[in-house]
>>> print(open('input.txt').read())   # compact mmCIF, C-alpha atoms
# COMPACT_ATOMS: atom_id res chain seq x y z
CA MET V 1 0.00 0.00 0.00
CA ILE V 2 2.87 2.32 0.79
CA PHE V 3 4.49 1.44 -2.52
CA LEU V 4 1.27 2.25 -4.43
CA GLY V 5 1.03 5.61 -2.68
CA LEU V 6 4.63 6.44 -3.52
CA ILE V 7 4.00 5.57 -7.18
CA VAL V 8 0.95 7.86 -7.26
CA ILE V 9 2.94 10.68 -5.63
CA LEU V 10 5.82 10.27 -8.07
CA ALA V 11 3.44 10.21 -11.04
CA ALA V 12 1.73 13.40 -9.86
CA VAL V 13 5.05 15.15 -9.32
CA ALA V 14 6.33 14.03 -12.73
CA VAL V 15 3.20 15.27 -14.48
CA ALA V 16 3.33 18.60 -12.65
CA VAL V 17 7.01 19.14 -13.50
CA VAL V 18 6.49 18.23 -17.16
CA VAL V 19 3.45 20.50 -17.45
CA VAL V 20 5.25 23.46 -15.89
CA LEU V 21 8.38 23.04 -17.99
CA ASP V 22 6.60 22.37 -21.30
CA ASN V 23 4.09 25.23 -21.14
CA SER V 24 5.36 28.48 -22.52
CA GLY V 25 2.16 29.79 -24.20
CA ASP V 26 -0.66 31.72 -22.64
CA ALA V 27 -3.42 29.13 -22.77
CA GLN V 28 -1.80 26.08 -24.20
CA MET V 29 -0.83 23.06 -22.25
CA THR V 30 1.58 20.47 -23.50
CA LEU V 31 2.44 17.17 -21.95
CA PHE V 32 5.53 15.30 -23.11
CA GLY V 33 5.69 17.46 -26.24
CA ASP V 34 2.03 16.96 -27.26
CA GLU V 35 -0.60 19.64 -26.91
CA ILE V 36 -3.52 18.69 -24.68
CA PRO V 37 -6.78 19.33 -26.54
CA GLY V 38 -9.62 21.25 -24.91
CA ILE V 39 -7.46 23.61 -22.89
CA THR V 40 -7.92 27.07 -24.32
CA ASP V 41 -8.26 29.32 -21.26
CA GLN V 42 -6.16 29.93 -18.20
CA TRP V 43 -8.76 28.45 -15.88
CA HIS V 44 -8.39 25.16 -17.76
CA VAL V 45 -4.72 25.17 -16.83
CA PHE V 46 -5.64 25.99 -13.25
CA MET V 47 -8.14 23.10 -13.11
CA ALA V 48 -5.52 20.72 -14.54
CA GLY V 49 -3.18 21.81 -11.75
CA ALA V 50 -5.94 21.25 -9.20
CA VAL V 51 -6.48 17.73 -10.51
CA VAL V 52 -2.76 17.02 -10.24
CA ALA V 53 -2.80 18.37 -6.67
CA ILE V 54 -5.76 16.12 -5.80
CA VAL V 55 -3.94 13.09 -7.22
CA PHE V 56 -0.85 14.07 -5.23
CA MET V 57 -2.84 14.34 -2.01
CA ALA V 58 -4.48 10.96 -2.69
CA GLY V 59 -1.00 9.48 -2.92
CA VAL V 60 0.00 11.12 0.37
CA VAL V 61 -3.13 9.74 2.05
CA ILE V 62 -2.42 6.24 0.70
CA VAL V 63 1.15 6.40 2.04
CA ALA V 64 -0.04 7.67 5.43
CA LEU V 65 -2.65 4.90 5.72
CA GLY V 66 -0.09 2.30 4.72
CA LEU V 67 2.38 3.53 7.32
CA LYS V 68 -0.32 3.60 9.99
CA ARG V 69 -1.31 0.04 9.15
CA ALA V 70 2.29 -1.17 9.13
CA LEU V 71 2.99 0.46 12.50
CA GLY V 72 -0.20 -1.03 13.94
CA MET V 73 0.73 -4.49 12.73
CA ARG V 74 4.23 -4.11 14.17
CA ARG V 75 2.81 -2.99 17.53
CA GLU V 76 0.34 -5.88 17.60
CA LEU V 77 3.08 -8.37 16.76
CA ARG V 78 5.26 -7.02 19.57
CA ASP V 79 2.35 -7.27 22.03
CA LEU V 80 1.67 -10.85 20.97
CA ARG V 81 5.34 -11.74 21.42
CA ASP V 82 5.33 -10.26 24.92
CA GLU V 83 2.12 -12.11 25.79
CA HIS V 84 3.56 -15.35 24.44
CA GLU V 85 6.74 -14.93 26.49
CA GLU V 86 4.69 -14.28 29.64
CA SER V 87 2.66 -17.42 28.95
CA LEU V 88 5.83 -19.46 28.52
CA GLN V 89 7.21 -18.14 31.80
CA THR V 90 3.96 -18.98 33.60
CA LEU V 91 3.95 -22.50 32.14
CA GLU V 92 7.59 -22.97 33.13
CA MET V 93 6.82 -21.97 36.72
CA GLU V 94 3.87 -24.38 36.82
CA ARG V 95 6.06 -27.16 35.44
CA ARG V 96 8.65 -26.58 38.18
CA LYS V 97 5.96 -26.64 40.88
CA LEU V 98 4.52 -29.87 39.50
CA GLN V 99 7.99 -31.44 39.36
CA GLN V 100 8.56 -30.49 42.98
CA ALA V 101 5.18 -31.92 43.99
CA LEU V 102 5.93 -35.13 42.09
CA ALA V 103 9.34 -35.41 43.73
CA GLN V 104 7.75 -34.97 47.16
CA ALA V 105 5.08 -37.54 46.35
CA ARG V 106 7.74 -40.04 45.23
CA ARG V 107 9.75 -39.47 48.37
CA GLY V 108 6.62 -40.10 50.40
CA MET V 109 6.07 -43.40 48.59
CA ASP V 110 9.62 -44.54 49.34
CA ASP V 111 9.04 -44.22 53.08
CA PRO V 112 7.80 -47.44 54.62
CA ILE V 113 4.07 -47.42 55.15
CA PRO V 114 3.19 -48.25 58.74
CA ALA V 115 0.95 -51.28 59.09
CA GLN V 116 -2.59 -50.33 59.80
CA ARG V 117 -4.80 -52.40 61.92
CA VAL V 118 -7.90 -53.60 60.34
CA ALA V 119 -10.83 -54.19 62.64
CA PRO V 120 -12.13 -57.77 62.52
CA ASN V 121 -15.57 -58.22 61.09
>>> encode(input="input.txt", output="structure tokens")
Amino acid sequence: MIFLGLIVILAAVAVAVVVVLDNSGDAQMTLFGDEIPGITDQWHVFMAGAVVAIVFMAGVVIVALGLKRALGMRRELRDLRDEHEESLQTLEMERRKLQQALAQARRGMDDPIPAQRVAPN
């Protein structure tokens, strides 16, 4: 998306530069050496410049939205990594506690069990 916006901006700038450099007459507008038909008054030239400015601004907006999206994705990815690391640490602590409990249980089983008296029926 950023790339598309940059292409639109560069195209608008290129068109604007070519139009400014190629136009030497009062109400004629040439683009890449060819006269643009339908432009006979100065306001036509002004409107063409306005259209180029609108296209330029559209490119700027596209770039800004692309950057905002990329930064948001990067922030979300970082948050997910942090959350994942916290989960791993919690699981590791639980594993250690369970290993300790198992070790204690095994030690308890190794101790001789005292004989219990069973009441006669």
>>> atom_distance(input="input.txt", atom1="CA of Val17 in chain V", atom2="CA of Gly38 in chain V")
20.3 Å
>>> atom_distance(input="input.txt", atom1="CA of Ile2 in chain V", atom2="CA of Arg75 in chain V")
17.6 Å
>>> atom_distance(input="input.txt", atom1="CA of Glu35 in chain V", atom2="CA of Ala11 in chain V")
18.9 Å
>>> closest_residue(input="input.txt", among="V:Ala16, V:Ala58, V:Leu65, V:Leu98", to="Phe46 in chain V", atoms="all atoms listed in the file")
V:Ala16
>>> decode(input="input.txt", residues="range 4-16 of chain V", atoms="N, CA, C and O atoms", output="mmCIF file, in the first residue's frame")
data_model
loop_
_atom_site.group_PDB
_atom_site.id
_atom_site.type_symbol
_atom_site.label_atom_id
_atom_site.label_comp_id
_atom_site.auth_asym_id
_atom_site.auth_seq_id
_atom_site.Cartn_x
_atom_site.Cartn_y
_atom_site.Cartn_z
ATOM 1 N N LEU V 4 2.268 1.696 -3.507
ATOM 2 C CA LEU V 4 1.274 2.254 -4.431
ATOM 3 C C LEU V 4 1.153 3.760 -4.217
ATOM 4 O O LEU V 4 1.102 4.529 -5.184
ATOM 5 N N GLY V 5 1.123 4.188 -2.967
ATOM 6 C CA GLY V 5 1.034 5.613 -2.677
ATOM 7 C C GLY V 5 2.234 6.371 -3.191
ATOM 8 O O GLY V 5 2.108 7.479 -3.742
ATOM 9 N N LEU V 6 3.420 5.784 -3.011
ATOM 10 C CA LEU V 6 4.626 6.435 -3.524
ATOM 11 C C LEU V 6 4.608 6.541 -5.042
ATOM 12 O O LEU V 6 5.045 7.551 -5.610
ATOM 13 N N ILE V 7 4.101 5.532 -5.712
ATOM 14 C CA ILE V 7 4.004 5.570 -7.180
ATOM 15 C C ILE V 7 3.056 6.686 -7.612
ATOM 16 O O ILE V 7 3.349 7.439 -8.547
ATOM 17 N N VAL V 8 1.916 6.809 -6.928
ATOM 18 C CA VAL V 8 0.952 7.860 -7.262
ATOM 19 C C VAL V 8 1.572 9.236 -7.027
ATOM 20 O O VAL V 8 1.416 10.153 -7.846
ATOM 21 N N ILE V 9 2.294 9.392 -5.922
ATOM 22 C CA ILE V 9 2.941 10.681 -5.632
ATOM 23 C C ILE V 9 3.966 11.011 -6.704
ATOM 24 O O ILE V 9 4.006 12.136 -7.226
ATOM 25 N N LEU V 10 4.802 10.030 -7.044
ATOM 26 C CA LEU V 10 5.824 10.273 -8.068
ATOM 27 C C LEU V 10 5.204 10.594 -9.424
ATOM 28 O O LEU V 10 5.708 11.467 -10.148
ATOM 29 N N ALA V 11 4.115 9.922 -9.775
ATOM 30 C CA ALA V 11 3.441 10.208 -11.040
ATOM 31 C C ALA V 11 2.883 11.622 -11.040
ATOM 32 O O ALA V 11 3.008 12.353 -12.040
ATOM 33 N N ALA V 12 2.283 12.041 -9.940
ATOM 34 C CA ALA V 12 1.730 13.401 -9.859
ATOM 35 C C ALA V 12 2.835 14.449 -9.953
ATOM 36 O O ALA V 12 2.685 15.461 -10.648
ATOM 37 N N VAL V 13 3.936 14.201 -9.264
ATOM 38 C CA VAL V 13 5.052 15.148 -9.321
ATOM 39 C C VAL V 13 5.634 15.202 -10.728
ATOM 40 O O VAL V 13 5.929 16.287 -11.257
ATOM 41 N N ALA V 14 5.779 14.058 -11.371
ATOM 42 C CA ALA V 14 6.327 14.031 -12.732
ATOM 43 C C ALA V 14 5.430 14.791 -13.702
ATOM 44 O O ALA V 14 5.912 15.582 -14.525
ATOM 45 N N VAL V 15 4.137 14.566 -13.599
ATOM 46 C CA VAL V 15 3.196 15.271 -14.481
ATOM 47 C C VAL V 15 3.258 16.771 -14.220
ATOM 48 O O VAL V 15 3.285 17.574 -15.161
ATOM 49 N N ALA V 16 3.283 17.168 -12.967
ATOM 50 C CA ALA V 16 3.332 18.595 -12.646
ATOM 51 C C ALA V 16 4.606 19.248 -13.187
ATOM 52 O O ALA V 16 4.552 20.338 -13.767
#
